[in-house]
$ cat query-v2.txt   # compact mmCIF, C-alpha atoms and all ligand atoms
# COMPACT_ATOMS: atom_id res chain seq x y z
CA MET W 1243 158.66 182.29 262.60
CA LYS W 1244 157.06 180.47 265.54
CA LYS W 1245 157.26 177.19 263.57
CA LEU W 1246 160.91 177.85 262.76
CA CYS W 1247 161.68 178.43 266.45
CA SER W 1248 159.98 175.15 267.49
CA LEU W 1249 161.94 173.29 264.81
CA PHE W 1250 165.16 174.86 266.10
CA VAL W 1251 164.33 173.81 269.69
CA LEU W 1252 163.54 170.26 268.53
CA ILE W 1253 166.85 170.01 266.67
CA LEU W 1254 168.65 171.37 269.75
CA ILE W 1255 166.99 168.81 272.04
CA PHE W 1256 167.80 166.02 269.57
CA ASN W 1257 171.45 167.09 269.44
CA ILE W 1258 171.76 167.43 273.22
CA ASN W 1259 170.26 163.93 273.62
CA ASN W 1260 172.71 162.60 271.07
CA ILE W 1261 175.68 164.21 272.82
CA MET W 1262 174.49 162.86 276.19
CA ALA W 1263 174.12 159.35 274.75
CA GLN W 1264 177.62 159.58 273.28
CA ASN W 1265 178.98 160.55 276.70
CA LYS W 1266 177.50 157.54 278.42
CA ALA W 1267 179.55 154.41 278.97
CA LYS W 1268 178.61 151.63 276.53
CA VAL W 1269 178.29 148.36 278.42
CA LEU W 1270 177.86 144.90 276.93
CA VAL W 1271 176.05 142.28 279.00
CA LEU W 1272 177.41 139.12 277.41
CA ILE W 1273 175.77 135.83 278.34
CA TYR W 1274 175.59 132.15 277.67
CA SER W 1275 172.48 130.44 279.04
CA ASP W 1276 170.86 127.00 278.69
CA ASN W 1277 167.57 127.47 280.50
CA GLY W 1278 167.25 131.23 280.84
CA GLY W 1279 168.35 131.69 284.48
CA THR W 1280 171.42 133.67 283.45
CA TYR W 1281 169.27 135.79 281.14
CA GLU W 1282 166.94 136.67 284.04
CA LEU W 1283 169.93 137.99 285.98
CA ALA W 1284 171.25 139.76 282.86
CA LYS W 1285 168.04 141.75 282.54
CA GLU W 1286 168.42 143.02 286.13
CA ILE W 1287 172.11 143.80 285.57
CA ALA W 1288 171.15 145.80 282.45
CA LYS W 1289 168.46 147.71 284.35
CA GLY W 1290 171.00 148.57 287.04
CA ILE W 1291 173.53 149.69 284.43
CA GLU W 1292 171.03 152.13 282.94
CA SER W 1293 169.59 153.29 286.27
CA LYS W 1294 171.82 156.33 286.80
CA ASP W 1295 171.81 157.56 283.22
CA ASN W 1296 175.58 157.29 282.94
CA ALA W 1297 175.62 154.12 280.83
CA THR W 1298 173.71 152.19 278.19
CA ALA W 1299 173.44 148.40 278.25
CA VAL W 1300 172.98 145.87 275.49
CA ILE W 1301 172.42 142.19 276.20
CA LYS W 1302 173.95 139.75 273.72
CA GLN W 1303 174.66 136.02 273.81
CA VAL W 1304 177.76 134.17 272.71
CA LYS W 1305 175.93 131.79 270.38
CA GLU W 1306 172.50 131.03 269.00
CA SER W 1307 170.08 129.25 271.26
CA THR W 1308 167.11 127.06 270.39
CA ASN W 1309 165.47 127.94 273.71
CA GLN W 1310 162.36 130.05 272.98
CA LYS W 1311 163.26 132.48 275.79
CA LEU W 1312 166.69 133.13 274.32
CA LYS W 1313 166.03 132.84 270.61
CA ASN W 1314 165.78 136.55 269.89
CA ILE W 1315 168.81 137.75 271.82
CA PRO W 1316 171.42 139.07 269.36
CA ILE W 1317 174.71 137.22 269.00
CA ALA W 1318 177.96 138.97 269.89
CA THR W 1319 181.10 138.64 267.82
CA VAL W 1320 184.57 138.45 269.33
CA ASP W 1321 185.69 141.47 267.28
CA GLU W 1322 183.17 143.82 268.85
CA LEU W 1323 184.33 143.33 272.46
CA PRO W 1324 186.98 146.12 272.46
CA ASN W 1325 184.31 148.64 271.39
CA TYR W 1326 182.67 148.63 274.83
CA ASP W 1327 183.55 150.63 277.94
CA GLY W 1328 182.68 147.66 280.14
CA ILE W 1329 181.58 144.04 279.79
CA ALA W 1330 179.36 142.19 282.29
CA PHE W 1331 179.80 138.45 281.71
CA GLY W 1332 177.04 135.99 282.67
CA SER W 1333 177.09 132.19 282.51
CA PRO W 1334 175.68 129.10 284.20
CA VAL W 1335 177.96 127.36 286.72
CA TYR W 1336 179.25 124.07 285.33
CA PHE W 1337 181.09 121.97 287.92
CA GLY W 1338 182.35 125.01 289.81
CA ASN W 1339 183.52 126.54 286.56
CA ILE W 1340 182.45 128.52 283.46
CA SER W 1341 179.92 126.85 281.15
CA THR W 1342 181.24 125.20 278.00
CA GLY W 1343 179.37 127.70 275.79
CA MET W 1344 181.07 130.69 277.40
CA SER W 1345 184.40 128.90 277.51
CA GLU W 1346 184.21 128.17 273.77
CA PHE W 1347 183.58 131.85 273.07
CA LEU W 1348 186.48 132.96 275.28
CA SER W 1349 188.78 130.52 273.50
CA LYS W 1350 188.20 132.54 270.32
CA THR W 1351 189.59 135.73 271.91
CA VAL W 1352 193.28 134.81 271.57
CA ASN W 1353 193.76 137.43 268.88
CA LEU W 1354 192.30 140.14 271.14
CA TRP W 1355 194.61 138.96 273.89
CA THR W 1356 197.78 139.11 271.82
CA HIS W 1357 196.78 142.63 270.68
CA HIS W 1358 196.08 143.73 274.29
CA SER W 1359 192.65 144.79 273.04
CA LEU W 1360 190.71 144.28 276.28
CA GLU W 1361 193.36 145.65 278.63
CA GLY W 1362 191.98 148.19 281.11
CA ILE W 1363 188.34 147.55 280.18
CA PRO W 1364 186.23 146.86 283.30
CA ALA W 1365 184.64 143.42 283.60
CA THR W 1366 182.19 141.98 286.10
CA VAL W 1367 180.77 138.47 286.38
CA PHE W 1368 177.39 137.05 287.41
CA MET W 1369 176.34 133.41 287.25
CA SER W 1370 173.29 131.22 287.45
CA ALA W 1371 173.91 128.16 289.63
CA GLY W 1372 171.82 125.09 290.54
CA SER W 1373 172.34 124.33 294.22
CA GLY W 1374 175.09 126.93 294.38
CA ALA W 1375 177.84 124.32 294.81
CA GLY W 1376 181.14 125.92 293.85
CA LYS W 1377 179.56 129.22 292.83
CA GLU W 1378 182.40 131.43 294.04
CA LEU W 1379 184.97 129.04 292.62
CA ALA W 1380 183.17 129.38 289.31
CA ILE W 1381 183.31 133.18 289.33
CA GLN W 1382 186.94 133.03 290.35
CA SER W 1383 187.80 130.72 287.48
CA PHE W 1384 185.93 133.08 285.15
CA TRP W 1385 188.08 135.89 286.54
CA ASN W 1386 191.24 133.97 285.61
CA SER W 1387 190.50 134.35 281.90
CA LEU W 1388 189.53 138.01 282.25
CA ALA W 1389 192.66 138.73 284.31
CA VAL W 1390 194.82 137.20 281.60
CA HIS W 1391 193.18 139.70 279.23
CA GLY W 1392 194.22 142.49 281.62
CA MET W 1393 190.62 143.54 282.28
CA VAL W 1394 189.75 145.51 285.43
CA LEU W 1395 187.81 143.04 287.58
CA VAL W 1396 184.91 144.65 289.39
CA SER W 1397 183.67 142.70 292.41
CA ASN W 1398 180.47 143.23 294.38
CA GLY W 1399 181.83 143.22 297.92
CA ILE W 1400 178.98 142.96 300.42
CA ARG W 1401 176.85 145.41 298.44
CA GLY W 1402 173.14 144.85 299.16
CA TYR W 1403 173.74 142.12 301.76
CA GLU W 1404 172.08 144.06 304.57
CA GLY W 1405 168.76 144.16 302.69
CA ILE W 1406 168.39 140.48 301.75
CA ASN W 1407 166.16 137.86 303.37
CA LYS W 1408 168.57 135.71 305.36
CA SER W 1409 166.10 132.95 306.21
CA ILE W 1410 166.55 131.36 302.75
CA PRO W 1411 169.74 130.62 300.79
CA GLN W 1412 170.57 133.49 298.45
CA GLY W 1413 173.07 133.83 295.62
CA ASN W 1414 175.04 136.71 297.05
CA THR W 1415 178.83 136.40 296.77
CA VAL W 1416 181.47 139.07 297.22
CA LEU W 1417 182.70 138.48 293.66
CA GLY W 1418 179.38 138.84 291.85
CA VAL W 1419 175.75 137.82 292.10
CA THR W 1420 174.54 134.28 291.47
CA SER W 1421 171.12 132.66 291.58
CA LEU W 1422 170.44 129.26 293.17
CA ASN W 1423 168.09 128.00 290.51
CA SER W 1424 167.55 124.43 291.67
CA LEU W 1425 166.33 125.57 295.10
CA LYS W 1426 162.67 125.99 294.26
CA ASP W 1427 161.48 127.09 297.72
CA VAL W 1428 160.86 130.44 296.06
CA GLU W 1429 160.93 131.52 292.45
CA ARG W 1430 164.49 132.05 291.17
CA PRO W 1431 166.09 134.47 290.79
CA THR W 1432 164.57 135.60 294.10
CA PRO W 1433 163.57 139.26 294.42
CA ASP W 1434 166.75 139.70 296.49
CA GLU W 1435 168.97 138.07 293.87
CA ARG W 1436 167.39 140.36 291.28
CA GLN W 1437 168.06 143.36 293.51
CA LEU W 1438 171.68 142.30 294.01
CA ALA W 1439 172.06 142.00 290.24
CA TYR W 1440 170.54 145.45 289.82
CA LEU W 1441 173.02 146.91 292.31
CA GLN W 1442 175.91 145.09 290.63
CA GLY W 1443 174.88 146.64 287.31
CA GLN W 1444 174.57 150.08 288.87
CA ASN W 1445 178.01 149.90 290.45
CA PHE W 1446 179.51 148.49 287.27
CA ALA W 1447 178.11 151.40 285.25
CA LYS W 1448 179.76 153.83 287.68
CA ILE W 1449 183.17 152.21 287.22
CA SER W 1450 182.77 151.85 283.44
CA PHE W 1451 181.78 155.49 283.17
CA ALA W 1452 184.71 156.64 285.32
CA LEU W 1453 187.24 154.64 283.29
CA LYS W 1454 185.57 155.30 279.97
CA ASP W 1455 188.21 157.42 278.28
CA SER W 1456 191.18 156.17 280.29
CA THR W 1457 192.17 153.44 277.88
CA ARG W 1458 193.00 154.02 274.29
CA LYS W 1459 190.80 151.71 272.30
CA LYS W 1460 193.05 149.28 270.52
CA GLU W 1461 192.57 148.72 266.82
CA VAL W 1462 191.72 145.10 266.42
CA VAL W 1463 193.64 143.64 263.59
CA MET W 1464 192.19 140.24 263.02
CA GLU W 1465 194.81 138.06 261.36
CA GLU W 1466 192.27 136.05 259.52
CA LYS W 1467 188.75 137.46 259.29
CA THR W 1468 186.14 134.76 259.60
CA LYS W 1469 185.87 133.52 256.11
CA ASN W 1470 183.11 131.85 254.28
CA PHE W 1471 185.17 129.07 252.76
CA ASP W 1472 182.47 128.01 250.35
CA GLU W 1473 182.76 131.48 248.78
CA ILE W 1474 186.56 131.30 248.77
CA LEU W 1475 186.49 127.93 247.02
CA LYS W 1476 183.98 129.25 244.50
CA GLU W 1477 186.04 132.41 243.84
CA LYS W 1478 189.13 130.29 243.25
CA ASN W 1479 187.24 127.82 241.14
CA ILE W 1480 188.16 124.95 243.44
CA ILE W 1481 185.58 122.17 243.37
CA LEU W 1482 185.86 119.64 246.16
CA PRO W 1483 185.03 116.07 245.10
CA GLN W 1484 182.81 113.66 247.02
CA VAL W 1485 184.58 112.11 249.99
CA PRO W 1486 186.24 108.92 248.68
CA LYS W 1487 184.95 105.77 250.37
CA PRO W 1488 187.48 103.75 252.38
CA ALA W 1489 188.69 100.64 250.54
CA GLY W 1490 189.24 98.63 253.73
CA ASN W 1491 188.73 98.52 257.45
CA TYR W 1492 189.75 102.12 258.19
CA GLN W 1493 188.24 105.62 258.40
CA PRO W 1494 188.63 108.51 255.88
CA PHE W 1495 189.90 110.52 258.85
CA VAL W 1496 190.58 110.17 262.55
CA ARG W 1497 190.31 113.02 265.02
CA THR W 1498 192.31 112.89 268.22
CA GLY W 1499 192.06 115.99 270.40
CA ASN W 1500 192.24 118.91 267.99
CA LEU W 1501 194.21 117.04 265.34
CA ILE W 1502 192.75 115.43 262.23
CA PHE W 1503 194.70 112.75 260.36
CA ILE W 1504 193.92 112.05 256.69
CA ASN W 1505 195.53 109.85 253.98
CA GLN W 1506 194.47 109.96 250.35
CA VAL W 1507 195.51 108.75 246.89
CA ALA W 1508 194.64 110.11 243.42
CA LEU W 1509 191.12 108.69 243.21
CA LYS W 1510 188.84 110.65 240.88
CA GLU W 1511 185.27 109.52 240.33
CA GLY W 1512 186.11 106.04 241.57
CA LYS W 1513 189.22 105.56 239.37
CA ILE W 1514 192.89 106.36 239.86
CA LEU W 1515 193.94 109.36 237.77
CA ASN W 1516 197.31 109.06 235.98
CA GLY W 1517 198.40 105.95 237.90
CA GLY W 1518 201.80 104.27 237.59
CA LYS W 1519 205.48 104.97 238.13
CA LEU W 1520 206.89 108.37 237.21
CA GLY W 1521 209.12 108.05 234.15
CA VAL W 1522 207.64 104.69 233.20
CA GLY W 1523 203.87 104.99 232.78
CA VAL W 1524 203.40 108.69 233.60
CA ASP W 1525 205.33 111.95 233.26
CA GLU W 1526 205.85 114.79 235.77
CA GLN W 1527 202.92 116.81 234.48
CA GLN W 1528 200.58 113.87 234.95
CA VAL W 1529 201.85 113.21 238.47
CA LYS W 1530 201.27 116.89 239.30
CA GLU W 1531 197.67 116.53 238.10
CA ALA W 1532 197.32 113.41 240.25
CA THR W 1533 198.80 115.33 243.20
CA LYS W 1534 196.19 118.06 242.82
CA VAL W 1535 193.39 115.47 242.73
CA THR W 1536 194.84 113.80 245.82
CA MET W 1537 195.01 117.10 247.73
CA LEU W 1538 191.43 117.92 246.73
CA ASN W 1539 190.41 114.55 248.20
CA VAL W 1540 192.25 115.47 251.40
CA LEU W 1541 190.39 118.79 251.59
CA SER W 1542 187.04 117.17 250.97
CA VAL W 1543 187.64 114.69 253.81
CA LEU W 1544 188.81 117.59 255.99
CA LYS W 1545 185.56 119.44 255.26
CA GLU W 1546 183.59 116.41 256.38
CA ALA W 1547 185.71 116.18 259.52
CA VAL W 1548 184.77 119.76 260.52
CA ASN W 1549 181.09 119.23 259.69
CA GLY W 1550 181.30 121.35 256.55
CA ASP W 1551 182.77 124.44 258.23
CA LEU W 1552 186.36 124.93 257.02
CA SER W 1553 186.67 128.10 259.14
CA LYS W 1554 187.19 125.68 262.05
CA VAL W 1555 190.62 124.81 260.63
CA ARG W 1556 193.35 126.44 262.73
CA GLN W 1557 196.38 125.19 260.85
CA CYS W 1558 197.58 122.73 258.28
CA VAL W 1559 200.25 121.16 260.48
CA GLN W 1560 202.03 118.76 258.13
CA LEU W 1561 201.80 117.26 254.66
CA THR W 1562 203.72 114.19 253.57
CA GLY W 1563 203.87 113.43 249.86
CA ILE W 1564 204.83 109.94 248.72
CA PHE W 1565 205.50 109.48 245.00
CA ASN W 1566 205.90 106.34 242.96
CA THR W 1567 209.33 107.07 241.45
CA LYS W 1568 212.45 105.34 240.16
CA ASP W 1569 215.36 105.05 242.61
CA ASP W 1570 217.37 107.93 241.14
CA TYR W 1571 214.51 110.50 241.07
CA THR W 1572 215.14 113.63 243.17
CA LYS W 1573 212.53 116.28 242.30
CA HIS W 1574 209.77 115.17 244.70
CA ALA W 1575 209.54 118.70 246.13
CA ASP W 1576 208.45 120.11 242.74
CA LEU W 1577 205.64 117.59 242.54
CA MET W 1578 204.51 118.23 246.10
CA ASN W 1579 204.42 122.01 245.61
CA VAL W 1580 201.11 121.51 243.79
CA ALA W 1581 199.55 120.25 247.03
CA SER W 1582 201.28 122.82 249.22
CA ASP W 1583 200.23 125.71 246.96
CA LEU W 1584 196.64 124.52 246.96
CA VAL W 1585 196.36 124.35 250.74
CA VAL W 1586 197.94 127.83 251.12
CA GLU W 1587 195.63 129.19 248.41
CA VAL W 1588 192.63 128.01 250.42
CA PHE W 1589 193.75 128.77 253.99
CA GLY W 1590 196.33 131.58 253.63
CA GLU W 1591 198.66 131.73 256.68
CA LYS W 1592 196.81 128.86 258.28
CA GLY W 1593 197.68 126.72 255.28
CA LYS W 1594 201.45 126.98 255.82
CA HIS W 1595 202.73 123.62 256.97
CA ALA W 1596 205.75 121.45 257.70
CA ARG W 1597 206.39 118.98 254.89
CA ALA W 1598 208.08 115.73 253.97
CA THR W 1599 208.32 114.08 250.56
CA TYR W 1600 209.84 110.84 249.42
CA GLY W 1601 209.78 108.22 246.71
CA ALA W 1602 208.33 104.73 246.99
CA SER W 1603 208.78 101.72 244.71
CA SER W 1604 205.01 101.26 244.60
CA ILE W 1605 201.86 102.83 245.99
CA PRO W 1606 198.52 101.08 246.67
CA VAL W 1607 195.99 100.82 243.82
CA ASN W 1608 198.74 101.93 241.39
CA SER W 1609 198.36 105.59 242.37
CA SER W 1610 201.38 107.68 241.41
CA VAL W 1611 201.01 109.68 244.65
CA GLU W 1612 199.75 109.42 248.21
CA ILE W 1613 199.36 112.36 250.60
CA GLN W 1614 199.24 112.13 254.37
CA ALA W 1615 197.92 115.26 256.09
CA ILE W 1616 197.59 116.51 259.65
CA PHE W 1617 195.37 119.51 260.44
CA GLU W 1618 194.69 121.29 263.72
CA VAL W 1619 191.05 122.30 264.13
CA GLU W 1620 188.85 124.06 266.72
C1 LIG W 1701 177.30 120.29 283.16
C2 LIG W 1701 176.64 121.03 284.28
C3 LIG W 1701 177.33 121.24 285.43
C4 LIG W 1701 176.74 121.95 286.49
N1 LIG W 1701 177.47 122.18 287.61
C5 LIG W 1701 176.92 122.90 288.61
C6 LIG W 1701 177.69 123.21 289.79
O1 LIG W 1701 178.85 122.85 289.93
N2 LIG W 1701 177.09 123.93 290.75
C7 LIG W 1701 175.81 124.37 290.65
O2 LIG W 1701 175.31 125.02 291.56
N3 LIG W 1701 175.06 124.11 289.54
C8 LIG W 1701 175.59 123.40 288.52
N4 LIG W 1701 174.86 123.15 287.39
C9 LIG W 1701 173.51 123.71 287.27
C10 LIG W 1701 173.46 125.01 286.45
O3 LIG W 1701 174.44 125.90 286.90
C11 LIG W 1701 172.08 125.63 286.62
O4 LIG W 1701 171.12 124.77 286.07
C12 LIG W 1701 171.96 127.01 286.02
O5 LIG W 1701 170.84 127.62 286.56
C13 LIG W 1701 171.80 127.02 284.52
O6 LIG W 1701 171.78 128.36 284.09
P1 LIG W 1701 170.85 128.82 282.87
O7 LIG W 1701 169.41 128.75 283.39
O8 LIG W 1701 171.27 130.17 282.51
O9 LIG W 1701 171.07 127.83 281.78
C14 LIG W 1701 175.43 122.46 286.35
C15 LIG W 1701 174.73 122.23 285.16
C16 LIG W 1701 175.34 121.53 284.13
C17 LIG W 1701 174.58 121.33 282.83
$ encode --input "query-v2.txt" --output "structure tokens"
Amino acid sequence: MKKLCSLFVLILIFNINNIMAQNKAKVLVLIYSDNGGTYELAKEIAKGIESKDNATAVIKQVKESTNQKLKNIPIATVDELPNYDGIAFGSPVYFGNISTGMSEFLSKTVNLWTHHSLEGIPATVFMSAGSGAGKELAIQSFWNSLAVHGMVLVSNGIRGYEGINKSIPQGNTVLGVTSLNSLKDVERPTPDERQLAYLQGQNFAKISFALKDSTRKKEVVMEEKTKNFDEILKEKNIILPQVPKPAGNYQPFVRTGNLIFINQVALKEGKILNGGKLGVGVDEQQVKEATKVTMLNVLSVLKEAVNGDLSKVRQCVQLTGIFNTKDDYTKHADLMNVASDLVVEVFGEKGKHARATYGASSIPVNSSVEIQAIFEVE
């Protein structure tokens, strides 16, 4: 009986603990860091968040790091952001602005933005600086992105200022804490910068807890889940050929900004497949086969252009199909559908493109088809 009672008490304590943990605000401390300065601040922010027992904190980074100090920090996904009751963002200052690593991650949140998924969620910002040049500008520019998301921006005010050593430069700002890492007069973050970060975390937990159930969590409907394109190609039995070598003084592709330009003909294993003029040397079926081979060449060059990661493709912008036809031929669109269908099969919505087709009296190396393609990539 005594044993049964103790078991009952244990279960009760376990359940109460569980309920209390569920009632706490869940805060994500999301960082990018090169040298670990931002991570040092993040640890203090996290301690502050958990100091009053009203919130739990988890530190994650926006991408993998090779730095030993940062190697084991888990990586956050964009999709998980709306699951938190508050997000504390940390980044190095780059030229009075957000670091490129953090900026890259934020640029992937467009889908959250259009679904209003982060609206009403509290956000606070802390940054690791060098000399501190432009540190408040940097936090402010960080705030711009978070404001566009409709997040509740939590500043620091002059919290903790009275307690800091004023005989050395410190990273206090009214917007959020920073650390002046290149000023090595004392170890950085200084004890005061750490304390300011702790207080920022503590205050942020209070706000996150207070607003916790005020916003309905939005279902995130990702239009296109991150896909492993190698698996998709395998599933669909699509085998990309080797990238054809250029036959002259030109490149298989050129990237300008986010656009990739590619031109290909029906080269298969070093020879032109089903070459010649439609209706003279080859029939429609053969030209369709050549069109498929040409489009596969385009995709293989595209894969090289995105360093093997086809998930970086945002959109197939335009395809132009040129066919070696007689003057009175009019069914170019039927031939080109083979290429269009293939690109949509691989990329879904992102594969839908603008298109032009036309006939030519001849095409280089006697190919029956040439395809010009423009893709937008990340
Ligand atoms: C491209 C670049 C630009 C930078 N611009 C600034 C700047 O405008 N102001 C500043 O105080 N520090 C600047 N720094 C220094 C970093 O903010 C500083 O080294 C910071 O501590 C790095 O944070 P981390 O240790 O988390 O990587 C810059 C560093 C880089 C790489």
$ atom_distance --input "query-v2.txt" --atom1 "CA of Ser1333 (chain W)" --atom2 "CA of Tyr1274 (chain W)"
5.1 Å
$ residues_around --input "query-v2.txt" --residues "region 1508-1520 of chain W" --least-positions-apart "2" --cutoff "9 Å" --atoms "all atoms listed in the file" --output "JSON, numbers by chain"
{"W": [1483, 1484, 1486, 1487, 1506, 1522, 1523, 1524, 1525, 1526, 1528, 1529, 1531, 1532, 1533, 1534, 1535, 1536, 1537, 1539, 1565, 1566, 1567, 1568, 1571, 1603, 1604, 1605, 1607, 1608, 1609, 1610, 1611, 1612, 1613]}
$ closest_residue --input "query-v2.txt" --among "W:Glu1306, W:Asp1455, W:Asp1434, W:Glu1282" --to "ligand LIG 1701 (chain W)" --atoms "all atoms listed in the file"
W:Glu1282
$ closest_atom_pairs --input "query-v2.txt" --of "chain W" --to "ligand LIG 1701 (chain W)" --cutoff "7 Å" --atoms "only C-alpha atoms and all ligand atoms" --output "CSV"
residue,atom,partner,partner_atom,distance
W:Tyr1274,CA,W:LIG1701,O8,6.8
W:Ser1275,CA,W:LIG1701,O8,3.7
W:Asp1276,CA,W:LIG1701,O9,3.2
W:Asn1277,CA,W:LIG1701,O7,3.7
W:Gly1278,CA,W:LIG1701,O7,4.2
W:Gly1279,CA,W:LIG1701,O7,3.3
W:Thr1280,CA,W:LIG1701,O8,3.6
W:Tyr1281,CA,W:LIG1701,O8,6.1
W:Ser1333,CA,W:LIG1701,O8,6.2
W:Pro1334,CA,W:LIG1701,O6,4.0
W:Val1335,CA,W:LIG1701,O3,3.8
W:Tyr1336,CA,W:LIG1701,C3,3.4
W:Phe1337,CA,W:LIG1701,O1,3.1
W:Gly1338,CA,W:LIG1701,O1,4.1
W:Asn1339,CA,W:LIG1701,O1,6.8
W:Ser1370,CA,W:LIG1701,O5,4.4
W:Ala1371,CA,W:LIG1701,O3,3.6
W:Gly1372,CA,W:LIG1701,N3,3.5
W:Ser1373,CA,W:LIG1701,O2,4.0
W:Gly1374,CA,W:LIG1701,O2,3.4
W:Ala1375,CA,W:LIG1701,N2,4.1
W:Gly1376,CA,W:LIG1701,N2,5.5
W:Lys1377,CA,W:LIG1701,O2,6.1
W:Leu1422,CA,W:LIG1701,O2,6.7
W:Asn1423,CA,W:LIG1701,O5,4.8
W:Ser1424,CA,W:LIG1701,O4,6.6
$ residues_around --input "query-v2.txt" --residues "Leu1541 (chain W)" --least-positions-apart "4" --cutoff "12 Å" --atoms "only C-alpha atoms" --output "count of residues only"
43
$ closest_residue --input "query-v2.txt" --among "W:Glu1361, W:Glu1618, W:Asp1569, W:Glu1404" --to "Leu1323 (chain W)" --atoms "only C-alpha atoms"
W:Glu1361
$ closest_residue --input "query-v2.txt" --among "W:Glu1587, W:Gln1557, W:Val1543, W:Gln1527" --to "Lys1478 (chain W)" --atoms "all atoms listed in the file"
W:Glu1587
$ build_atoms --input "query-v2.txt" --residues "region 1290-1304 of chain W" --atoms "N, CA and C atoms" --output "PDB file, keeping the file's coordinate frame"
ATOM      1  N   GLY W1290     170.114 147.866 286.101  1.00  0.00           N
ATOM      2  CA  GLY W1290     171.000 148.570 287.040  1.00  0.00           C
ATOM      3  C   GLY W1290     172.002 149.443 286.307  1.00  0.00           C
ATOM      4  N   ILE W1291     172.534 148.936 285.210  1.00  0.00           N
ATOM      5  CA  ILE W1291     173.530 149.690 284.430  1.00  0.00           C
ATOM      6  C   ILE W1291     172.918 151.006 283.937  1.00  0.00           C
ATOM      7  N   GLU W1292     171.654 150.934 283.536  1.00  0.00           N
ATOM      8  CA  GLU W1292     171.030 152.130 282.940  1.00  0.00           C
ATOM      9  C   GLU W1292     170.357 153.019 283.978  1.00  0.00           C
ATOM     10  N   SER W1293     170.409 152.602 285.265  1.00  0.00           N
ATOM     11  CA  SER W1293     169.590 153.290 286.270  1.00  0.00           C
ATOM     12  C   SER W1293     170.055 154.705 286.600  1.00  0.00           C
ATOM     13  N   LYS W1294     171.323 155.000 286.406  1.00  0.00           N
ATOM     14  CA  LYS W1294     171.820 156.330 286.800  1.00  0.00           C
ATOM     15  C   LYS W1294     172.105 157.220 285.594  1.00  0.00           C
ATOM     16  N   ASP W1295     171.677 156.757 284.441  1.00  0.00           N
ATOM     17  CA  ASP W1295     171.810 157.560 283.220  1.00  0.00           C
ATOM     18  C   ASP W1295     173.245 157.853 282.800  1.00  0.00           C
ATOM     19  N   ASN W1296     174.188 157.079 283.351  1.00  0.00           N
ATOM     20  CA  ASN W1296     175.580 157.290 282.940  1.00  0.00           C
ATOM     21  C   ASN W1296     176.068 156.197 281.992  1.00  0.00           C
ATOM     22  N   ALA W1297     175.194 155.233 281.697  1.00  0.00           N
ATOM     23  CA  ALA W1297     175.620 154.120 280.830  1.00  0.00           C
ATOM     24  C   ALA W1297     174.426 153.528 280.082  1.00  0.00           C
ATOM     25  N   THR W1298     174.743 152.944 278.918  1.00  0.00           N
ATOM     26  CA  THR W1298     173.710 152.190 278.190  1.00  0.00           C
ATOM     27  C   THR W1298     174.125 150.716 278.223  1.00  0.00           C
ATOM     28  N   ALA W1299     173.135 149.843 278.201  1.00  0.00           N
ATOM     29  CA  ALA W1299     173.440 148.400 278.250  1.00  0.00           C
ATOM     30  C   ALA W1299     172.820 147.692 277.077  1.00  0.00           C
ATOM     31  N   VAL W1300     173.566 146.739 276.516  1.00  0.00           N
ATOM     32  CA  VAL W1300     172.980 145.870 275.490  1.00  0.00           C
ATOM     33  C   VAL W1300     173.276 144.434 275.895  1.00  0.00           C
ATOM     34  N   ILE W1301     172.229 143.609 275.854  1.00  0.00           N
ATOM     35  CA  ILE W1301     172.420 142.190 276.200  1.00  0.00           C
ATOM     36  C   ILE W1301     172.639 141.400 274.907  1.00  0.00           C
ATOM     37  N   LYS W1302     173.709 140.629 274.870  1.00  0.00           N
ATOM     38  CA  LYS W1302     173.950 139.750 273.720  1.00  0.00           C
ATOM     39  C   LYS W1302     174.363 138.376 274.246  1.00  0.00           C
ATOM     40  N   GLN W1303     174.203 137.347 273.389  1.00  0.00           N
ATOM     41  CA  GLN W1303     174.660 136.020 273.810  1.00  0.00           C
ATOM     42  C   GLN W1303     175.823 135.556 272.918  1.00  0.00           C
ATOM     43  N   VAL W1304     176.533 134.568 273.418  1.00  0.00           N
ATOM     44  CA  VAL W1304     177.760 134.170 272.710  1.00  0.00           C
ATOM     45  C   VAL W1304     177.468 133.246 271.529  1.00  0.00           C
TER      46      VAL W1304
END
